[in-house]
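Visitor: Sharing input14.cif below, mmCIF, C-alpha atoms and all ligand atoms:
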```cif
data_structure
#
loop_
_atom_site.label_atom_id
_atom_site.label_comp_id
_atom_site.auth_asym_id
_atom_site.auth_seq_id
_atom_site.Cartn_x
_atom_site.Cartn_y
_atom_site.Cartn_z
CA MET J 13 116.80 99.69 120.97
CA PHE J 14 116.27 101.67 117.82
CA GLU J 15 116.86 105.38 117.84
CA PRO J 16 113.82 107.40 116.81
CA THR J 17 114.04 109.33 113.56
CA GLY J 18 113.68 113.10 113.35
CA THR J 19 113.56 115.89 115.95
CA PRO J 20 111.91 117.16 118.07
CA ASP J 21 110.52 113.83 119.02
CA PRO J 22 106.94 113.69 120.35
CA PHE J 23 107.51 110.40 122.14
CA TRP J 24 111.04 110.40 123.56
CA SER J 25 110.91 114.09 124.51
CA LYS J 26 108.25 113.07 127.08
CA VAL J 27 110.41 110.35 128.62
CA GLN J 28 112.66 111.04 131.61
CA LYS J 29 115.47 108.50 131.40
CA SER J 30 117.42 107.41 134.46
CA ASP J 31 119.66 104.50 135.37
CA GLY J 32 116.51 102.71 136.51
CA CYS J 33 113.12 103.40 135.04
CA TRP J 34 112.46 105.58 132.01
CA THR J 35 109.43 107.47 133.24
CA TRP J 36 106.70 108.78 130.97
CA ALA J 37 106.06 112.45 131.78
CA GLY J 38 103.21 112.98 129.32
CA ALA J 39 99.49 112.38 129.69
CA THR J 40 98.16 109.32 131.51
CA TRP J 41 95.28 107.03 130.73
CA GLY J 42 93.36 104.25 132.42
CA ARG J 43 95.03 102.83 135.52
CA GLY J 44 97.94 105.26 135.55
CA TYR J 45 99.55 104.19 132.28
CA GLY J 46 101.25 106.64 129.93
CA ALA J 47 99.15 107.77 126.97
CA PHE J 48 100.58 108.79 123.64
CA LYS J 49 98.82 109.96 120.50
CA HIS J 50 100.31 108.43 117.36
CA GLU J 51 98.86 108.75 113.85
CA GLY J 52 95.61 110.06 115.30
CA ARG J 53 95.19 107.14 117.70
CA GLN J 54 95.63 107.04 121.45
CA VAL J 55 98.08 104.31 122.44
CA TYR J 56 99.64 103.23 125.71
CA ALA J 57 103.18 104.63 125.95
CA HIS J 58 104.67 101.38 127.29
CA ARG J 59 103.05 99.35 124.49
CA PHE J 60 104.35 101.85 121.95
CA ALA J 61 107.86 101.56 123.39
CA TRP J 62 107.58 97.76 123.24
CA GLU J 63 106.52 97.76 119.58
CA MET J 64 109.38 100.03 118.61
CA ALA J 65 111.97 97.93 120.42
CA LYS J 66 110.65 94.39 120.01
CA GLY J 67 107.93 94.29 117.39
CA PRO J 68 104.18 93.68 117.28
CA ILE J 69 102.35 92.52 120.40
CA PRO J 70 100.59 89.19 119.86
CA ALA J 71 96.81 89.38 120.19
CA GLY J 72 95.60 88.78 123.73
CA LEU J 73 98.94 89.48 125.39
CA PHE J 74 99.70 92.41 127.66
CA VAL J 75 102.89 94.39 127.99
CA CYS J 76 103.72 94.12 131.71
CA HIS J 77 106.29 95.81 133.93
CA HIS J 78 109.06 93.99 135.78
CA CYS J 79 109.47 97.18 137.79
CA ASP J 80 105.75 97.53 138.65
CA ASN J 81 105.94 101.16 137.51
CA PRO J 82 103.07 101.69 135.06
CA LEU J 83 104.68 104.88 133.72
CA CYS J 84 107.95 103.16 132.86
CA VAL J 85 108.63 102.74 129.12
CA ARG J 86 112.11 101.22 129.32
CA PRO J 87 112.00 98.20 126.98
CA ASP J 88 114.09 95.95 129.21
CA HIS J 89 111.70 96.61 132.11
CA LEU J 90 108.83 95.30 129.99
CA PHE J 91 107.71 91.78 129.16
CA LEU J 92 104.74 90.08 127.57
CA GLY J 93 102.24 88.45 129.90
CA THR J 94 98.88 86.77 129.59
CA HIS J 95 97.20 88.78 132.33
CA THR J 96 97.90 91.80 134.47
CA ASP J 97 95.99 90.91 137.64
CA ASN J 98 98.58 88.64 139.13
CA MET J 99 101.71 90.71 138.64
CA ARG J 100 103.87 88.45 140.76
CA ASP J 101 103.05 85.38 138.71
CA ALA J 102 103.24 87.25 135.41
CA SER J 103 106.55 88.73 136.41
CA ARG J 104 107.99 85.30 137.15
CA LYS J 105 106.75 84.03 133.80
CA GLY J 106 108.14 87.10 132.13
CA ARG J 107 111.61 86.45 133.44
CA LEU J 108 111.44 82.97 132.04
CA TYR J 109 109.76 83.61 128.70
CA GLY J 110 108.74 87.19 128.01
CA TRP J 111 112.00 89.01 127.78
CA HIS J 112 113.53 86.85 125.07
CA VAL J 113 111.11 87.35 122.23
CA THR J 114 112.37 84.99 119.57
CA HIS J 115 109.34 84.67 117.31
CA CYS J 116 106.83 87.06 115.77
CA PRO J 117 103.13 86.77 116.71
CA ARG J 118 102.60 84.39 113.76
CA GLY J 119 105.49 82.16 114.79
CA HIS J 120 108.22 83.21 112.35
CA GLU J 121 111.61 83.30 114.00
CA TYR J 122 113.35 86.67 114.40
CA THR J 123 116.56 85.65 112.68
CA PRO J 124 118.83 88.47 111.47
CA GLU J 125 117.54 87.92 107.91
CA ASN J 126 113.91 87.85 109.02
CA THR J 127 114.13 90.93 111.24
CA ILE J 128 113.64 94.22 109.44
CA ARG J 129 113.01 97.85 110.30
CA VAL J 130 109.87 99.39 108.92
CA GLN J 131 108.62 102.94 108.94
CA TRP J 132 105.77 103.56 111.41
CA GLY J 133 104.63 107.14 111.02
CA LYS J 134 107.74 109.06 111.95
CA TYR J 135 109.12 106.11 113.92
CA VAL J 136 110.90 102.95 112.91
CA ARG J 137 110.09 99.65 114.56
CA ARG J 138 111.25 96.09 114.37
CA SER J 139 109.12 93.74 112.37
CA CYS J 140 108.99 90.30 110.82
CA ARG J 141 109.98 90.13 107.16
CA SER J 142 107.75 87.12 106.45
CA CYS J 143 104.68 88.88 107.82
CA GLU J 144 105.48 92.18 106.11
CA LYS J 145 105.87 90.31 102.84
CA GLN J 146 102.44 88.78 103.34
CA ARG J 147 101.02 92.21 103.94
CA GLY J 148 102.46 93.20 100.56
CA ARG J 149 103.82 96.55 101.68
CA LEU J 150 107.32 95.36 102.36
CA ALA J 151 109.12 97.03 99.50
CA TYR J 152 107.84 100.50 100.19
CA ARG J 153 108.01 100.40 103.97
CA VAL J 154 111.51 99.02 104.09
CA LYS J 155 112.62 101.57 101.53
CA ALA J 156 110.89 104.34 103.48
CA ALA J 157 112.83 103.38 106.63
CA ASP J 158 116.08 104.20 104.81
CA PRO J 159 117.04 107.89 105.22
CA ALA J 160 119.14 107.76 102.03
CA TRP J 161 116.11 106.64 100.03
CA ARG J 162 113.94 109.39 101.53
CA ALA J 163 116.61 112.00 100.78
CA LYS J 164 116.71 110.80 97.17
CA GLN J 165 112.92 111.06 96.87
CA ALA J 166 112.98 114.59 98.30
CA GLU J 167 115.75 115.55 95.85
CA ARG J 168 113.71 114.15 92.98
CA GLY J 169 110.71 116.24 94.09
CA ARG J 170 112.82 119.40 94.24
CA ALA J 171 114.31 118.72 90.80
CA SER J 172 110.91 118.26 89.19
CA ARG J 173 109.55 121.42 90.84
CA ALA J 174 112.59 123.34 89.55
CA ARG J 175 111.95 121.97 86.06
CA MET J 176 108.31 123.08 86.17
CA LYS J 177 109.36 126.53 87.27
CA ALA J 178 111.91 126.77 84.42
CA GLN J 179 109.16 125.84 81.98
CA GLY J 180 107.07 128.72 83.31
CA ALA J 181 104.41 126.67 85.09
CA PRO J 182 102.58 128.60 87.83
ZN ZN J 201 110.95 100.45 134.97
ZN ZN J 202 105.99 86.78 111.08
#
```
Rewrite the structure from the file as structure tokens, please.
Ligand SMILES: [Zn+2]
Ligand SMILES: [Zn+2]

Guide:
Amino acid sequence: MFEPTGTPDPFWSKVQKSDGCWTWAGATWGRGYGAFKHEGRQVYAHRFAWEMAKGPIPAGLFVCHHCDNPLCVRPDHLFLGTHTDNMRDASRKGRLYGWHVTHCPRGHEYTPENTIRVQWGKYVRRSCRSCEKQRGRLAYRVKAADPAWRAKQAERGRASRARMKAQGAP
């Protein structure tokens, strides 16, 4: 489980953690699922939690609840299923297959070398290095997930503004 970056946190500040479920206390959407607005888009809170903890959701799969609590966003209460109608069946499948996600949606294995953290708005999520490389944004997004790199960029910005000021620019 990756810790979110920055405070206050729009997502985790709306989650009430307990020893059991981590309950979404924000807005709801559809059939009683948590709704969260991220980067201008409405997303399901439990799907968002899944993507942060485990990585992208393969097309056509649902993020289901072992605990049958639609407001729960605790990653280890979630699993991938092919349908939501038959929860009992999906839950059984999930215990066998869903919890141990070993490959990305395109079939690359999540080995330590192939698993990276990429910046996602103000959050960081797990992703597949092979896929990110194919998307061609790997270098920047991996760099941007590193607080030291961001601090250096900010310092650079400050230095250049100071220089402009010293030269009498408006
Ligand atoms: Zn739960
Ligand atoms: Zn991949």

Visitor: Taking into account all atoms listed in the file, which residue in the set J:Lys66, J:Arg153, J:Arg147, J:His58 is nearest to ligand ZN 201 (chain J)?

Guide: J:His58

Visitor: In Å to one decimal, how far is CA of Gln165 in chain J from CA of Gly133 in chain J?

Guide: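 According to the coordinates, CA of Gly133 in chain J and CA of Gln165 in chain J are separated by 16.9 Å.
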
Visitor: Tell me, as a PDB file with C-alpha atoms, keeping the file's coordinate frame, which residues lie within 10 Å of Tyr56 in chain J, counting all atoms listed in the file; anything in the same chain fewer than 3 positions away does not count.

Guide:
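Resulting contents of selection_28.pdb:
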```pdb
ATOM      1  CA  ALA J  39      99.490 112.380 129.690  1.00  0.00           C
ATOM      2  CA  THR J  40      98.160 109.320 131.510  1.00  0.00           C
ATOM      3  CA  TRP J  41      95.280 107.030 130.730  1.00  0.00           C
ATOM      4  CA  GLY J  42      93.360 104.250 132.420  1.00  0.00           C
ATOM      5  CA  TYR J  45      99.550 104.190 132.280  1.00  0.00           C
ATOM      6  CA  GLY J  46     101.250 106.640 129.930  1.00  0.00           C
ATOM      7  CA  ALA J  47      99.150 107.770 126.970  1.00  0.00           C
ATOM      8  CA  PHE J  48     100.580 108.790 123.640  1.00  0.00           C
ATOM      9  CA  LYS J  49      98.820 109.960 120.500  1.00  0.00           C
ATOM     10  CA  HIS J  50     100.310 108.430 117.360  1.00  0.00           C
ATOM     11  CA  ARG J  53      95.190 107.140 117.700  1.00  0.00           C
ATOM     12  CA  ARG J  59     103.050  99.350 124.490  1.00  0.00           C
ATOM     13  CA  PHE J  60     104.350 101.850 121.950  1.00  0.00           C
ATOM     14  CA  ALA J  61     107.860 101.560 123.390  1.00  0.00           C
ATOM     15  CA  TRP J  62     107.580  97.760 123.240  1.00  0.00           C
ATOM     16  CA  VAL J  75     102.890  94.390 127.990  1.00  0.00           C
ATOM     17  CA  LEU J  83     104.680 104.880 133.720  1.00  0.00           C
ATOM     18  CA  VAL J  85     108.630 102.740 129.120  1.00  0.00           C
TER      19      VAL J  85
END
```

Visitor: Using only C-alpha atoms and all ligand atoms, which of the listed residues (J:Ala65, J:Ile128, J:Met176, J:Cys140) sits closest to ligand ZN 202 (chain J)?

Guide: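 Looking only at the distances to ligand ZN 202 (chain J), the closest residue turns out to be J:Cys140.
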
Visitor: Interatomic distance between CA of Cys79 in chain J and CA of Gly32 in chain J?

Guide: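 Value for the CA of Cys79 in chain J-CA of Gly32 in chain J distance: 9.0 Å.
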
Visitor: Go ahead and find all residues with at least one atom no further than 10 Å from (111.9, 85.5, 107.6) in the file's coordinates, using all atoms listed in the file; report them as number ranges by chain.

Guide: J: 116, 120-128, 139-145

Visitor: Nearest to Gly119 in chain J: which of J:His89, J:Arg162, J:Pro70, J:Trp24 is it, counting all atoms listed in the file?

Guide: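 That would be J:Pro70, the residue with the smallest distance to Gly119 in chain J.
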
Visitor: Find the distance between CA of Asp88 in chain J and CA of Phe23 in chain J and write it in Å to one decimal.

Guide: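 So the two atoms, CA of Asp88 in chain J and CA of Phe23 in chain J, lie 17.4 Å apart.
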
Visitor: Within 12 Å of ligand ZN 201 (chain J), which residues of chain J show up? Give each one with its shortest atom-to-atom distance in Å (one decimal) and the two atoms involved, counting only C-alpha atoms and all ligand atoms, rows by chain then rising residue number, as a Markdown table.

Guide:
```
| residue | atom | partner | partner_atom | distance |
| --- | --- | --- | --- | --- |
| J:Val27 | CA | J:ZN201 | ZN | 11.8 |
| J:Gln28 | CA | J:ZN201 | ZN | 11.2 |
| J:Lys29 | CA | J:ZN201 | ZN | 9.9 |
| J:Ser30 | CA | J:ZN201 | ZN | 9.5 |
| J:Asp31 | CA | J:ZN201 | ZN | 9.6 |
| J:Gly32 | CA | J:ZN201 | ZN | 6.2 |
| J:Cys33 | CA | J:ZN201 | ZN | 3.7 |
| J:Trp34 | CA | J:ZN201 | ZN | 6.1 |
| J:Thr35 | CA | J:ZN201 | ZN | 7.4 |
| J:Trp36 | CA | J:ZN201 | ZN | 10.2 |
| J:His58 | CA | J:ZN201 | ZN | 10.0 |
| J:Cys76 | CA | J:ZN201 | ZN | 10.1 |
| J:His77 | CA | J:ZN201 | ZN | 6.7 |
| J:His78 | CA | J:ZN201 | ZN | 6.8 |
| J:Cys79 | CA | J:ZN201 | ZN | 4.6 |
| J:Asp80 | CA | J:ZN201 | ZN | 7.0 |
| J:Asn81 | CA | J:ZN201 | ZN | 5.7 |
| J:Pro82 | CA | J:ZN201 | ZN | 8.0 |
| J:Leu83 | CA | J:ZN201 | ZN | 7.8 |
| J:Cys84 | CA | J:ZN201 | ZN | 4.6 |
| J:Val85 | CA | J:ZN201 | ZN | 6.7 |
| J:Arg86 | CA | J:ZN201 | ZN | 5.8 |
| J:Pro87 | CA | J:ZN201 | ZN | 8.4 |
| J:Asp88 | CA | J:ZN201 | ZN | 8.0 |
| J:His89 | CA | J:ZN201 | ZN | 4.8 |
| J:Leu90 | CA | J:ZN201 | ZN | 7.5 |
| J:Phe91 | CA | J:ZN201 | ZN | 10.9 |
```

Visitor: Just write the chosen residues, C-alpha atoms, as a JSON list (two decimals), in the frame of the given file.

Guide:
```
[["chain", "number", "residue", "atom", "x", "y", "z"],
["J", 27, "VAL", "CA", 110.41, 110.35, 128.62],
["J", 28, "GLN", "CA", 112.66, 111.04, 131.61],
["J", 29, "LYS", "CA", 115.47, 108.50, 131.40],
["J", 30, "SER", "CA", 117.42, 107.41, 134.46],
["J", 31, "ASP", "CA", 119.66, 104.50, 135.37],
["J", 32, "GLY", "CA", 116.51, 102.71, 136.51],
["J", 33, "CYS", "CA", 113.12, 103.40, 135.04],
["J", 34, "TRP", "CA", 112.46, 105.58, 132.01],
["J", 35, "THR", "CA", 109.43, 107.47, 133.24],
["J", 36, "TRP", "CA", 106.70, 108.78, 130.97],
["J", 58, "HIS", "CA", 104.67, 101.38, 127.29],
["J", 76, "CYS", "CA", 103.72, 94.12, 131.71],
["J", 77, "HIS", "CA", 106.29, 95.81, 133.93],
["J", 78, "HIS", "CA", 109.06, 93.99, 135.78],
["J", 79, "CYS", "CA", 109.47, 97.18, 137.79],
["J", 80, "ASP", "CA", 105.75, 97.53, 138.65],
["J", 81, "ASN", "CA", 105.94, 101.16, 137.51],
["J", 82, "PRO", "CA", 103.07, 101.69, 135.06],
["J", 83, "LEU", "CA", 104.68, 104.88, 133.72],
["J", 84, "CYS", "CA", 107.95, 103.16, 132.86],
["J", 85, "VAL", "CA", 108.63, 102.74, 129.12],
["J", 86, "ARG", "CA", 112.11, 101.22, 129.32],
["J", 87, "PRO", "CA", 112.00, 98.20, 126.98],
["J", 88, "ASP", "CA", 114.09, 95.95, 129.21],
["J", 89, "HIS", "CA", 111.70, 96.61, 132.11],
["J", 90, "LEU", "CA", 108.83, 95.30, 129.99],
["J", 91, "PHE", "CA", 107.71, 91.78, 129.16]]
```

Visitor: Find, counting all atoms listed in the file, the residue in J:Ala156, J:Ala171, J:Ile69, J:Ala178 that gets nearest to ligand ZN 202 (chain J).

Guide: J:Ile69

Visitor: Of the candidates J:Ala163, J:Ala71, J:Val55, J:Ala37, which shows the shortest atom-to-atom distance to Arg118 in chain J, using all atoms listed in the file?

Guide: J:Ala71

Visitor: For a quick check of understanding, using all atoms listed in the file, which of J:Arg43, J:His115, J:Lys26, J:Arg173 has the smallest distance to ligand ZN 202 (chain J)?

Guide: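 Once distances to ligand ZN 202 (chain J) are computed over all atoms listed in the file, the minimum belongs to J:His115.
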